[in-house]
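Coordinates as given in query_30.txt (compact mmCIF, C-alpha atoms):
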```
# COMPACT_ATOMS: atom_id res chain seq x y z
CA GLN A 1 -66.54 -38.36 80.11
CA GLN A 2 -66.66 -37.89 76.35
CA GLN A 3 -64.40 -40.85 75.61
CA VAL A 4 -65.28 -44.17 74.08
CA LYS A 5 -62.79 -46.88 75.08
CA GLN A 6 -62.31 -49.67 72.56
CA SER A 7 -60.55 -53.02 72.93
CA PRO A 8 -58.65 -54.95 71.80
CA GLN A 9 -56.30 -52.84 69.71
CA SER A 10 -55.73 -55.76 67.35
CA LEU A 11 -57.30 -59.15 66.85
CA ILE A 12 -56.37 -62.24 64.87
CA VAL A 13 -59.07 -64.79 64.19
CA GLN A 14 -59.17 -67.98 62.17
CA LYS A 15 -61.53 -68.16 59.22
CA GLY A 16 -64.95 -69.27 60.45
CA GLY A 17 -64.30 -68.05 63.98
CA ILE A 18 -66.08 -65.34 65.98
CA SER A 19 -64.53 -61.87 66.23
CA ILE A 20 -65.53 -59.84 69.28
CA ILE A 21 -64.72 -56.16 69.77
CA ASN A 22 -65.74 -54.26 72.87
CA CYS A 23 -66.45 -50.62 73.65
CA ALA A 24 -67.24 -48.80 76.87
CA TYR A 25 -68.49 -45.28 77.49
CA GLU A 26 -69.21 -42.96 80.40
CA ASN A 27 -71.57 -40.34 79.06
CA THR A 28 -75.20 -41.37 79.57
CA ALA A 29 -76.27 -38.73 77.04
CA PHE A 30 -75.04 -40.92 74.17
CA ASP A 31 -78.10 -42.04 72.22
CA TYR A 32 -76.76 -43.76 69.11
CA PHE A 33 -73.98 -46.34 68.82
CA PRO A 34 -72.71 -47.20 65.32
CA TRP A 35 -69.89 -49.45 64.22
CA TYR A 36 -67.79 -48.50 61.23
CA GLN A 37 -65.54 -50.67 59.06
CA GLN A 38 -62.52 -49.11 57.40
CA PHE A 39 -60.32 -50.63 54.72
CA PRO A 40 -56.86 -49.19 53.95
CA GLY A 41 -57.08 -46.05 51.85
CA LYS A 42 -60.84 -45.77 52.30
CA GLY A 43 -63.18 -43.86 54.53
CA PRO A 44 -65.10 -45.58 57.33
CA ALA A 45 -68.31 -47.24 56.19
CA LEU A 46 -71.28 -47.82 58.47
CA LEU A 47 -71.64 -51.49 59.35
CA ILE A 48 -74.41 -51.65 61.92
CA ALA A 49 -75.83 -49.36 64.62
CA ILE A 50 -77.98 -49.58 67.72
CA ARG A 51 -79.97 -47.27 69.99
CA PRO A 52 -79.94 -47.71 73.79
CA ASP A 53 -83.55 -48.95 74.00
CA VAL A 54 -82.51 -52.21 72.31
CA SER A 55 -80.17 -54.83 73.81
CA GLU A 56 -79.20 -56.60 70.60
CA LYS A 57 -79.30 -56.01 66.87
CA LYS A 58 -78.34 -58.51 64.21
CA GLU A 59 -77.65 -57.94 60.53
CA GLY A 60 -76.36 -60.96 58.70
CA ARG A 61 -73.13 -62.10 60.34
CA PHE A 62 -72.82 -58.89 62.39
CA THR A 63 -74.42 -58.46 65.82
CA ILE A 64 -74.27 -55.58 68.29
CA SER A 65 -74.84 -56.43 71.94
CA PHE A 66 -75.69 -53.46 74.15
CA ASN A 67 -75.57 -53.37 77.96
CA LYS A 68 -77.01 -50.07 79.11
CA SER A 69 -76.40 -50.61 82.83
CA ALA A 70 -72.75 -51.49 82.25
CA LYS A 71 -72.37 -48.78 79.58
CA GLN A 72 -70.80 -51.26 77.21
CA PHE A 73 -71.50 -52.43 73.70
CA SER A 74 -69.79 -54.96 71.52
CA LEU A 75 -69.58 -56.11 67.92
CA HIS A 76 -69.67 -59.81 67.14
CA ILE A 77 -68.69 -61.03 63.70
CA MET A 78 -69.83 -64.61 63.21
CA ASP A 79 -68.17 -66.96 60.70
CA SER A 80 -65.37 -64.41 60.17
CA GLN A 81 -63.95 -64.30 56.65
CA PRO A 82 -60.63 -63.01 55.25
CA GLY A 83 -62.63 -60.25 53.55
CA ASP A 84 -63.60 -58.98 57.01
CA SER A 85 -59.97 -58.03 57.65
CA ALA A 86 -60.17 -54.30 58.28
CA THR A 87 -60.10 -51.76 61.09
CA TYR A 88 -63.31 -51.46 63.08
CA PHE A 89 -64.36 -48.37 64.98
CA CYS A 90 -67.12 -48.05 67.50
CA ALA A 91 -68.67 -44.64 67.95
CA ALA A 92 -71.22 -42.87 70.10
CA LYS A 93 -73.31 -39.83 69.46
CA PRO A 94 -74.46 -37.50 72.20
CA GLY A 95 -77.36 -35.12 71.74
CA THR A 96 -75.05 -32.48 70.28
CA TYR A 97 -74.62 -34.65 67.19
CA LYS A 98 -70.84 -34.84 67.41
CA TYR A 99 -69.77 -38.45 67.01
CA ILE A 100 -67.07 -39.68 69.39
CA PHE A 101 -64.99 -42.53 67.98
CA GLY A 102 -63.15 -45.35 69.68
CA THR A 103 -59.47 -45.87 68.88
CA GLY A 104 -60.07 -48.73 66.46
CA THR A 105 -59.43 -52.48 66.33
CA ARG A 106 -57.35 -53.94 63.55
CA LEU A 107 -58.88 -57.31 62.67
CA LYS A 108 -57.04 -59.93 60.68
CA VAL A 109 -58.86 -63.09 59.65
CA LEU A 110 -56.54 -65.90 58.66
CA ALA A 111 -57.51 -68.02 55.67
CA GLY B 1 -74.24 -37.42 44.16
CA GLU B 2 -74.58 -40.58 46.23
CA GLU B 3 -71.06 -40.43 47.61
CA VAL B 4 -69.12 -37.90 49.62
CA ALA B 5 -66.45 -36.71 47.22
CA GLN B 6 -63.18 -35.43 48.62
CA THR B 7 -60.40 -33.80 46.63
CA PRO B 8 -57.53 -34.04 46.27
CA LYS B 9 -56.68 -37.59 47.32
CA HIS B 10 -53.16 -36.63 48.27
CA LEU B 11 -51.62 -33.26 49.07
CA VAL B 12 -48.00 -32.50 49.86
CA ARG B 13 -47.02 -29.16 51.34
CA GLY B 14 -43.82 -27.73 52.71
CA GLU B 15 -43.97 -26.54 56.28
CA GLY B 16 -45.47 -23.06 56.36
CA GLN B 17 -47.40 -23.45 53.12
CA LYS B 18 -51.16 -23.30 52.79
CA ALA B 19 -53.29 -26.40 52.22
CA LYS B 20 -56.88 -26.42 51.01
CA LEU B 21 -59.09 -29.51 50.99
CA TYR B 22 -62.50 -29.88 49.38
CA CYS B 23 -65.59 -31.93 50.11
CA ALA B 24 -68.81 -32.37 48.15
CA PRO B 25 -71.43 -33.88 50.49
CA ILE B 26 -74.16 -36.26 49.38
CA LYS B 27 -76.95 -34.35 47.69
CA GLY B 28 -79.70 -33.60 50.16
CA HIS B 29 -77.51 -33.95 53.24
CA SER B 30 -77.57 -30.80 55.31
CA TYR B 31 -74.85 -31.68 57.83
CA VAL B 32 -71.14 -31.79 57.01
CA PHE B 33 -68.38 -32.87 59.37
CA TRP B 34 -64.60 -32.73 59.17
CA TYR B 35 -62.46 -35.22 61.07
CA GLN B 36 -58.69 -35.60 61.25
CA GLN B 37 -57.30 -39.14 61.45
CA VAL B 38 -53.74 -39.37 62.67
CA LEU B 39 -51.35 -42.32 62.46
CA LYS B 40 -52.68 -44.12 65.52
CA ASN B 41 -56.14 -44.24 63.92
CA GLU B 42 -57.62 -41.71 66.30
CA PHE B 43 -60.42 -39.62 64.80
CA LYS B 44 -60.31 -36.06 65.97
CA PHE B 45 -63.46 -33.98 65.37
CA LEU B 46 -62.70 -30.61 63.85
CA ILE B 47 -65.90 -28.85 62.81
CA SER B 48 -69.45 -29.44 61.64
CA PHE B 49 -71.87 -27.44 59.52
CA GLN B 50 -75.61 -27.31 59.17
CA ASN B 51 -75.95 -26.13 55.59
CA GLU B 52 -73.66 -23.08 55.38
CA ASN B 53 -73.74 -22.37 59.11
CA VAL B 54 -71.12 -23.55 61.56
CA PHE B 55 -72.83 -26.05 63.88
CA ASP B 56 -69.98 -27.04 66.17
CA GLU B 57 -66.39 -25.82 65.90
CA THR B 58 -65.07 -26.97 69.25
CA GLY B 59 -62.35 -29.11 67.63
CA MET B 60 -60.86 -26.48 65.36
CA PRO B 61 -57.40 -25.03 66.06
CA LYS B 62 -58.65 -21.61 65.04
CA GLU B 63 -55.34 -19.87 64.69
CA ARG B 64 -54.47 -21.80 61.51
CA PHE B 65 -57.56 -23.77 60.49
CA SER B 66 -60.66 -22.42 58.80
CA ALA B 67 -63.60 -24.03 57.03
CA LYS B 68 -66.53 -22.99 54.89
CA CYS B 69 -69.63 -24.53 53.36
CA LEU B 70 -71.09 -22.07 50.85
CA PRO B 71 -74.25 -22.66 48.79
CA ASN B 72 -73.67 -24.39 45.44
CA SER B 73 -69.96 -24.95 46.18
CA PRO B 74 -67.96 -27.77 47.71
CA CYS B 75 -67.17 -27.35 51.39
CA SER B 76 -63.54 -26.51 52.13
CA LEU B 77 -61.04 -26.90 54.94
CA GLU B 78 -58.04 -24.61 54.81
CA ILE B 79 -54.86 -24.79 56.84
CA GLN B 80 -52.68 -21.69 56.83
CA ALA B 81 -48.98 -22.12 57.56
CA THR B 82 -49.01 -25.91 57.81
CA LYS B 83 -46.94 -27.65 60.46
CA LEU B 84 -45.44 -31.15 60.46
CA GLU B 85 -48.04 -32.23 63.03
CA ASP B 86 -50.84 -31.42 60.54
CA SER B 87 -49.82 -34.49 58.52
CA ALA B 88 -52.87 -36.74 58.66
CA VAL B 89 -55.81 -38.00 56.66
CA TYR B 90 -58.69 -35.53 56.69
CA PHE B 91 -62.14 -37.04 56.34
CA CYS B 92 -65.32 -35.29 55.43
CA ALA B 93 -68.68 -36.85 56.27
CA SER B 94 -72.25 -35.83 55.60
CA SER B 95 -75.64 -36.78 56.94
CA GLN B 96 -79.21 -35.79 57.42
CA TRP B 97 -80.42 -35.14 60.96
CA SER B 98 -80.63 -38.44 62.88
CA SER B 99 -79.14 -40.43 60.04
CA PRO B 100 -75.72 -42.08 60.05
CA LEU B 101 -72.55 -40.35 58.93
CA HIS B 102 -71.41 -41.13 55.40
CA PHE B 103 -67.68 -40.63 54.94
CA GLY B 104 -65.60 -39.73 51.93
CA ASN B 105 -62.33 -41.51 51.21
CA GLY B 106 -60.25 -38.76 52.73
CA THR B 107 -57.43 -36.45 51.72
CA ARG B 108 -53.96 -37.51 52.86
CA LEU B 109 -51.99 -34.39 53.75
CA THR B 110 -48.23 -34.74 54.07
CA VAL B 111 -46.32 -31.76 55.43
CA THR B 112 -42.58 -31.93 54.76
```

Just dump the structure as C-alpha cells.
Amino acid sequence: QQQVKQSPQSLIVQKGGISIINCAYENTAFDYFPWYQQFPGKGPALLIAIRPDVSEKKEGRFTISFNKSAKQFSLHIMDSQPGDSATYFCAAKPGTYKYIFGTGTRLKVLA
Amino acid sequence: GEEVAQTPKHLVRGEGQKAKLYCAPIKGHSYVFWYQQVLKNEFKFLISFQNENVFDETGMPKERFSAKCLPNSPCSLEIQATKLEDSAVYFCASSQWSSPLHFGNGTRLTVT
C-alpha cells in the first residue's frame, strides 16, 4: 500500500518528441506528488510537483497530469531535448512526511 | 548555506570497518532525511529528524546504523561493522514543513 509504481523503466525519445512517464499509487493518504530529475553523480532535484486537488500543472515544457480516481499521475516533457537525458523519479508523500519514491525512469533523448 | 552539503563524496571501507557520513542541511531547514540509493536506483528511506529529534526511524537497520543531528553540527550517519550490502549512495535531504525535499549530491560508500 505504501508503494509507488513507476513505468517505463527506460525510455528513448527523439529530440523534439514528447516523453511520458507514468506512476500509480494505492495509498489515498498521499497528499503531495513531486517529480525529481537526477543526473549521474548528482542528487535528485525537484522538477515539478502537484497536490491532489489539481488535475494538471504546467511549468515550461514539463506538465504533471493527475487522475485522483485512477490513483495515477504522469510527467510529460514536451519538445524533449538531449539535455533532458536523466533519470526521473516520481514520489508521493503521505501525512507522515516520509516520501515514497518510484523506481525511476532512465530517459535518453536522441539528438 | 543554500545547498545540502554532504561529505565525503566517496568512502571506501573494508568489510567490518566503521563508516561515518556527514550532512549539513540548508540553513533554516528543520527537517533532515537520509535515504540509501542502491544500484537499481531504488531509494530506501532510513531516518528523518526534526531539528535534533528523531522524527521517523522506521527504515533504519538499528543493529548497525545510527544517526544524529546535534545543534550547531553537521548531521551524521554512522554504520558500524559495514557489510558488502551496505555499498550504496547515501543521500541526505532537508526541508521545511510542507516544502519540497532538497537533496545533497550524496556519499558513495563502497565496502570491499

Gap from atom CA of B:Lys68 to atom CA of B:Glu52 - Å, one decimal: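 Going from atom CA of B:Lys68 over to atom CA of B:Glu52, I get 7.1 Å.
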
Pick from A:Ile12, A:Asn27, A:Lys93, A:Thr105, whichever lies nearest to A:Ile50 using only C-alpha atoms: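 For A:Ile50, the nearest of the candidates is A:Lys93.
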
Compile a residue-level contact table for chain B against chain A at a cut-off of 9 Å, reporting for every qualifying residue the shortest atom pair and its distance in Å to one decimal, with only C-alpha atoms counted, rows ordered by chain and ascending number, as a tab-separated table.
```
residue	atom	partner	partner_atom	distance
B:Phe33	CA	A:Lys98	CA	8.6
B:Lys40	CA	A:Thr103	CA	7.8
B:Asn41	CA	A:Thr103	CA	6.2
B:Glu42	CA	A:Thr103	CA	5.2
B:Phe43	CA	A:Phe101	CA	6.3
B:Lys44	CA	A:Phe101	CA	8.2
B:Phe45	CA	A:Lys98	CA	7.7
B:Ser48	CA	A:Lys98	CA	8.0
B:Asp56	CA	A:Lys98	CA	7.9
B:Phe91	CA	A:Gly43	CA	7.1
B:Cys92	CA	A:Gly43	CA	8.9
B:Trp97	CA	A:Tyr97	CA	8.5
B:Ser98	CA	A:Tyr97	CA	8.3
B:Pro100	CA	A:Leu46	CA	7.4
B:Leu101	CA	A:Leu46	CA	7.6
B:His102	CA	A:Ala45	CA	6.9
B:Phe103	CA	A:Gly43	CA	5.6
B:Gly104	CA	A:Gly43	CA	5.4
B:Asn105	CA	A:Gly43	CA	4.2
B:Gly106	CA	A:Gly43	CA	6.2
```

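Across B:Thr110, B:Cys23, B:Ala81, B:Ser87, the tightest approach to B:Cys69 is made by B:Cys23 when counting all atoms listed in the file.
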
Contacts of A:Ile18 at 9 Å (all atoms listed in the file; same-chain gap of 2+ positions) as a list in words: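 Using all atoms listed in the file, the neighbours found are Val13, Gln14, Lys15, Gly16, Ile20, His76, Ile77, Met78, Asp79 and Ser80 of chain A.
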